[in-house]
Structure formats: C-alpha cells, structure tokens
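Structure file target-v4.cif; described as mmCIF, C-alpha atoms.
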data_query
#
loop_
_atom_site.label_atom_id
_atom_site.label_comp_id
_atom_site.auth_asym_id
_atom_site.auth_seq_id
_atom_site.Cartn_x
_atom_site.Cartn_y
_atom_site.Cartn_z
CA TRP A 1 349.31 177.52 78.06
CA ARG A 2 347.84 174.52 79.90
CA LEU A 3 346.12 171.41 78.61
CA PRO A 4 342.32 171.50 78.66
CA ALA A 5 340.81 170.53 81.99
CA MET A 6 339.32 167.31 80.60
CA LEU A 7 342.81 166.00 79.67
CA THR A 8 343.62 165.11 83.26
CA PRO A 9 345.72 162.10 84.32
CA ALA A 10 342.51 160.39 85.45
CA PHE A 11 340.95 160.96 82.02
CA LEU A 12 343.99 159.53 80.22
CA ALA A 13 344.28 156.56 82.60
CA ALA A 14 340.63 155.62 82.16
CA ARG A 15 340.85 155.69 78.34
CA PRO A 16 344.23 154.26 77.31
CA ALA A 17 343.12 153.20 73.82
CA THR A 18 341.89 156.70 73.03
CA ALA A 19 344.16 158.83 75.20
CA ALA A 20 347.51 157.36 74.14
CA PRO A 21 347.42 158.48 70.48
CA LEU A 22 345.82 161.77 71.48
CA ALA A 23 348.55 162.48 74.02
CA ALA A 24 351.22 161.75 71.40
CA SER A 25 349.57 164.10 68.92
CA LEU A 26 349.27 166.82 71.53
CA ALA A 27 352.91 166.41 72.46
CA GLN A 28 353.94 166.88 68.82
CA LEU A 29 351.80 169.99 68.64
CA ALA A 30 353.37 171.32 71.82
CA VAL A 31 356.87 170.87 70.43
CA SER A 32 356.02 172.50 67.12
CA HIS A 33 354.43 175.47 68.91
CA ALA A 34 357.07 175.91 71.64
CA LEU A 35 358.08 179.53 72.19
CA PRO A 36 361.72 180.65 72.64
CA PRO A 37 362.72 181.42 76.27
CA GLU A 38 363.37 185.10 75.54
CA LYS A 39 359.75 185.67 74.34
CA PRO A 40 356.84 186.01 76.77
CA ARG A 41 354.69 182.88 76.90
CA ARG A 42 351.28 183.55 75.48
CA ALA A 43 348.40 181.26 74.81
CA ASP A 44 348.42 180.23 71.14
CA SER A 45 344.80 180.11 69.91
CA SER A 46 345.70 178.04 66.84
CA PHE A 47 347.35 175.46 69.12
CA ARG A 48 344.19 175.23 71.18
CA LEU A 49 342.06 174.74 68.09
CA GLN A 50 344.34 172.02 66.72
CA ALA A 51 344.44 170.25 70.08
CA ALA A 52 340.66 170.33 70.32
CA ALA A 53 340.37 168.97 66.79
CA VAL A 54 342.71 166.08 67.60
CA LEU A 55 340.75 165.28 70.75
CA VAL A 56 337.30 165.40 69.16
CA GLY A 57 338.41 163.50 66.07
CA GLY A 58 339.86 160.69 68.15
CA LEU A 59 336.77 160.36 70.34
CA VAL A 60 334.43 160.35 67.34
CA CYS A 61 336.48 157.69 65.59
CA LYS A 62 336.43 155.52 68.69
CA ALA A 63 332.67 155.97 69.20
CA ARG A 64 331.59 155.33 65.60
CA ARG A 65 333.91 152.58 64.37
CA PRO A 66 334.49 149.07 65.78
CA VAL A 67 337.95 148.60 67.30
CA GLN A 68 340.17 145.63 67.98
CA ARG A 69 342.09 145.17 71.21
CA ASN A 70 345.10 146.94 69.73
CA GLY A 71 342.95 150.08 69.27
CA ARG A 72 342.95 150.04 65.45
CA CYS A 73 339.74 150.40 63.51
CA ASN A 74 338.46 147.08 62.17
CA PRO A 75 336.84 147.48 58.72
CA GLY A 76 335.98 143.76 58.68
CA LEU A 77 333.51 144.21 61.53
CA SER A 78 331.90 147.13 59.70
CA ARG A 79 331.41 144.99 56.59
CA GLN A 80 329.88 142.20 58.70
CA ALA A 81 327.46 144.65 60.31
CA ALA A 82 326.44 146.04 56.91
CA THR A 83 325.88 142.52 55.54
CA ALA A 84 323.74 141.57 58.53
CA ALA A 85 321.66 144.74 58.16
CA ALA A 86 321.09 144.07 54.46
CA ALA A 87 320.00 140.50 55.20
CA ALA A 88 317.53 141.73 57.82
CA ALA A 89 315.99 144.33 55.48
CA PRO A 90 312.51 143.50 54.18
CA THR A 91 312.30 142.19 50.62
CA PRO A 92 309.45 142.91 48.17
CA ARG A 93 306.67 140.39 48.53
CA ASP A 94 305.55 138.33 45.56
CA ASP A 95 301.98 138.37 46.89
CA PRO A 96 301.41 141.79 48.46
CA VAL A 97 298.33 143.04 50.21
CA ALA A 98 296.65 145.26 47.61
CA VAL A 99 293.58 147.40 46.99
CA TYR A 100 291.71 147.29 43.68
CA VAL A 101 289.88 150.40 42.48
CA VAL A 102 287.42 149.70 39.63
CA LEU A 103 286.11 152.79 37.78
CA ARG A 104 283.56 153.17 35.03
CA LYS A 105 284.98 154.56 31.79
CA ASP A 106 281.70 155.29 30.02
CA LEU A 107 280.45 158.25 32.07
CA GLY A 108 282.23 160.96 30.08
CA TRP A 109 283.04 162.84 33.26
CA PRO A 110 286.18 164.97 33.67
CA MET A 111 289.15 163.10 35.06
CA GLY A 112 289.05 165.19 38.22
CA ALA A 113 285.48 164.08 38.92
CA LEU A 114 286.41 160.41 38.50
CA VAL A 115 289.39 160.87 40.83
CA ASN A 116 287.06 162.37 43.40
CA GLN A 117 284.77 159.34 43.21
CA ALA A 118 287.71 156.97 43.70
CA CYS A 119 288.88 159.02 46.69
CA HIS A 120 285.39 158.90 48.22
CA ALA A 121 285.31 155.12 47.90
CA CYS A 122 288.84 154.66 49.28
CA MET A 123 288.05 156.80 52.30
CA ALA A 124 284.88 154.80 52.90
CA VAL A 125 286.86 151.54 52.81
CA ALA A 126 289.45 152.91 55.23
CA TRP A 127 286.66 153.70 57.68
CA GLU A 128 284.50 150.60 57.22
CA ALA A 129 287.50 148.24 57.40
CA ARG A 130 289.27 150.06 60.23
CA ASP A 131 289.13 146.98 62.51
CA ASP A 132 290.17 144.51 59.80
CA GLU A 133 293.61 143.02 60.45
CA GLN A 134 294.81 143.17 56.84
CA THR A 135 293.55 146.73 56.51
CA ILE A 136 295.43 147.77 59.62
CA ASP A 137 298.66 146.24 58.26
CA TYR A 138 298.05 147.85 54.87
CA LEU A 139 297.47 151.35 56.24
CA ALA A 140 300.46 151.00 58.57
CA GLU A 141 302.62 149.97 55.58
CA THR A 142 303.82 146.95 57.54
CA GLU A 143 305.07 145.26 54.36
CA GLY A 144 306.23 148.42 52.64
CA GLN A 145 304.46 150.92 50.41
CA MET A 146 300.73 150.61 49.75
CA VAL A 147 299.86 148.70 46.56
CA LYS A 148 296.85 149.76 44.49
CA TYR A 149 295.57 148.76 41.08
CA THR A 150 293.20 151.06 39.19
CA MET A 151 291.01 149.07 36.83
CA GLY A 152 288.39 150.19 34.31
CA VAL A 153 285.08 148.82 33.02
CA ASP A 154 282.90 150.05 30.17
CA GLY A 155 279.59 150.43 31.96
CA GLU A 156 277.35 149.82 34.96
CA ALA A 157 276.57 146.24 33.97
CA LYS A 158 280.24 145.28 33.94
CA LEU A 159 280.85 147.08 37.21
CA MET A 160 278.04 145.10 38.86
CA LYS A 161 279.44 141.91 37.35
CA VAL A 162 282.76 142.57 39.11
CA ALA A 163 280.82 143.20 42.32
CA THR A 164 279.10 139.83 41.99
CA LYS A 165 282.39 138.03 41.41
CA LEU A 166 283.88 139.69 44.49
CA LYS A 167 280.92 138.55 46.59
CA ASP A 168 281.32 134.99 45.29
CA ALA A 169 285.02 135.10 46.27
CA SER A 170 284.15 136.48 49.74
CA VAL A 171 286.17 139.63 49.09
CA PRO A 172 284.63 142.65 50.87
CA PHE A 173 284.37 145.90 48.93
CA LYS A 174 282.67 149.28 48.82
CA LEU A 175 280.42 150.16 45.91
CA TRP A 176 280.31 153.94 45.58
CA VAL A 177 277.00 155.32 44.31
CA GLU A 178 277.03 159.02 43.51
CA GLN A 179 274.09 160.94 44.99
CA PRO A 180 271.65 162.45 44.33
CA GLU A 181 272.00 161.05 40.82
CA ASP A 182 272.03 157.48 42.19
CA ILE A 183 274.78 156.44 39.75
CA PRO A 184 277.12 153.52 40.62
CA VAL A 185 280.49 154.97 39.71
CA CYS A 186 283.18 152.70 41.14
CA LEU A 187 284.03 150.08 43.71
CA VAL A 188 287.05 149.60 45.94
CA THR A 189 288.08 146.34 47.56
CA TRP A 190 289.30 145.96 51.10
CA PRO A 191 293.04 145.24 51.29
CA ARG A 192 293.57 141.59 50.39
CA ARG A 193 296.35 139.41 48.99
CA ARG A 194 296.85 139.83 45.26
CA SER A 195 296.47 136.09 44.80
CA GLU A 196 292.93 136.29 46.20
CA MET A 197 292.02 138.87 43.57
CA LYS A 198 293.11 136.99 40.45
CA LYS A 199 289.85 135.13 39.92
CA PRO A 200 287.36 137.97 40.59
CA MET A 201 289.47 140.43 38.56
CA LYS A 202 289.99 138.10 35.62
CA GLY A 203 289.10 139.87 32.38
CA VAL A 204 289.22 143.35 33.93
CA SER A 205 291.86 145.62 32.40
CA ARG A 206 293.73 148.60 33.76
CA PHE A 207 292.01 151.96 33.57
#
Represent the supplied structure as structure tokens.
Amino acid sequence: WRLPAMLTPAFLAARPATAAPLAASLAQLAVSHALPPEKPRRADSSFRLQAAAVLVGGLVCKARRPVQRNGRCNPGLSRQAATAAAAAAPTPRDDPVAVYVVLRKDLGWPMGALVNQACHACMAVAWEARDDEQTIDYLAETEGQMVKYTMGVDGEAKLMKVATKLKDASVPFKLWVEQPEDIPVCLVTWPRRRSEMKKPMKGVSRF
C-alpha cells in the first residue's frame, strides 16, 4: 500500500503546520496495520479510510479555526471574533420606521372583508410611495422587520378626523374608498418614524 498521491514530499514541505501532525498520525496507523513478512501484502481498505479521515479532519480544523504560530487552535481568537460580530449586529431601534393602518370598526363586515380592504390600501401605498426614501428602506427591511400598527375607529367621521390630523402633520397616507359603494373604509400611512405619528394618532386605539 502506498500513501495517497497528494501526500507527496512537496505537499508536506509546503504545509508544515498541517502536515507534521498528519504524518505522525499516518505513521502510527502504518505501524498498527503492518502485515507480517510471511503474509502477502495487500491494500487494507480500513487503513485507507482512517488515513483519509485523519487528513481531511486536520485540513478542516486548520481552515476553520484560528491558529497560533505553534499550530495549536486558539480559542481566544474565536471568542474575540464572536464578540466583534455581536457588537456589529444591528440593535432594535427605539424609533422605528412604521406603517399605521386605521380601520373602521362600525361596518359590521366579516373580518376577511376588512383584511382585504387593509391589503388594498397597503398595496396602494407601496406603489404610490415607491420612490420615497423611507418607503424604500422600509420595504427593503434595512432596519429589520417591518413594523405595522393596526388601529381602529368607530365610524367615518373619526376616520376622516385622523386623516385631517395626518394632513396637518404633513404625513402622507392613502385613504381607501371601497367602490362602487363609495365607502371610506380605512387609511394607511406611508412609512414614517414612530415619533412623527404620536401626535396625529393620539386618542386612536388598537383595532
């Protein structure tokens, strides 16, 4: 039996940190699997498998874990890398970009119908605000998951009052009017900072 072709002297010389322990392990395997002189020398498949496992395991360890000059794995460097990655990870924002959906609660429609109206309005906002910088960041989830608040009002008058307050605060929105009935059902704001929405949404409760 001969060593695999890749374990050539050139291979071992070019990779002393990896090849030295591998060569030692292979030598031990060779001794343990030596055949007596009186028996014909045959290739031992289990020896080949063990040698390949030693080789691959050593290369993977070297590729995946930081090493010091003495060739030993350095767990301290791994901890430093993990700490740096955690510090660089985004943290939840205290003032996220959010969308407010305001639905009427007095219509007596099935929940599925109300959900449809909210979906219509959200799709309309996504299209109308497609060139808006905050909308682009919101849809791309630049700051993390999309934030939405579903609010409820008791009638058309209160819905229009919210619309007026949004206009006064210069917050763009889409008022969805169901056709052909011509019924204002809900409104959806463009993505804006939550802090900008406190005043126009004051007094409006969750759906």
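Taking CA of Met197 (chain A) as the reference point, CA of Ala140 (chain A) is found at 21.1 Å.
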Top pick for closest residue to Leu114 (chain A), considering A:Lys174, A:Leu159, A:Phe207, A:Glu181 and counting only C-alpha atoms: A:Phe207
Closest of A:Met111, A:Met201, A:Ala126, A:Val101 to Leu175 (chain A) - atom-to-atom distances counting only C-alpha atoms: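 Selected residue with least distance to Leu175 (chain A): A:Val101.
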Result set of the PyMOL selection byres ((chain A and resi 143-151) around 12) on the coordinates above, as an MDAnalysis selection string: chainID A and resid 89:105 114:115 118:119 122 134:142 152:154 158:159 162 186:194 197 201:207
Exercise: Lys165 (chain A) partners within 9 Å, all atoms listed in the file, chain neighbours under 6 positions left out, as a PDB file with C-alpha atoms, in the coordinates of the input:
ATOM      1  CA  VAL A 171     286.170 139.630  49.090  1.00  0.00           C
ATOM      2  CA  LYS A 199     289.850 135.130  39.920  1.00  0.00           C
ATOM      3  CA  PRO A 200     287.360 137.970  40.590  1.00  0.00           C
ATOM      4  CA  MET A 201     289.470 140.430  38.560  1.00  0.00           C
TER       5      MET A 201
END
Between CA of Pro110 (chain A) and CA of Trp127 (chain A), distance in Å (one decimal):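 Those two atoms sit 26.5 Å apart.
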Atomic separation - CA of Ser170 (chain A) relative to CA of Ala121 (chain A), Å: 18.8 Å
For Ala124 (chain A), the nearest of the candidates A:Asp168, A:Gly155, A:Ile183, A:Val177, counting all atoms listed in the file: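 Looking only at the distances to Ala124 (chain A), the closest residue turns out to be A:Val177.
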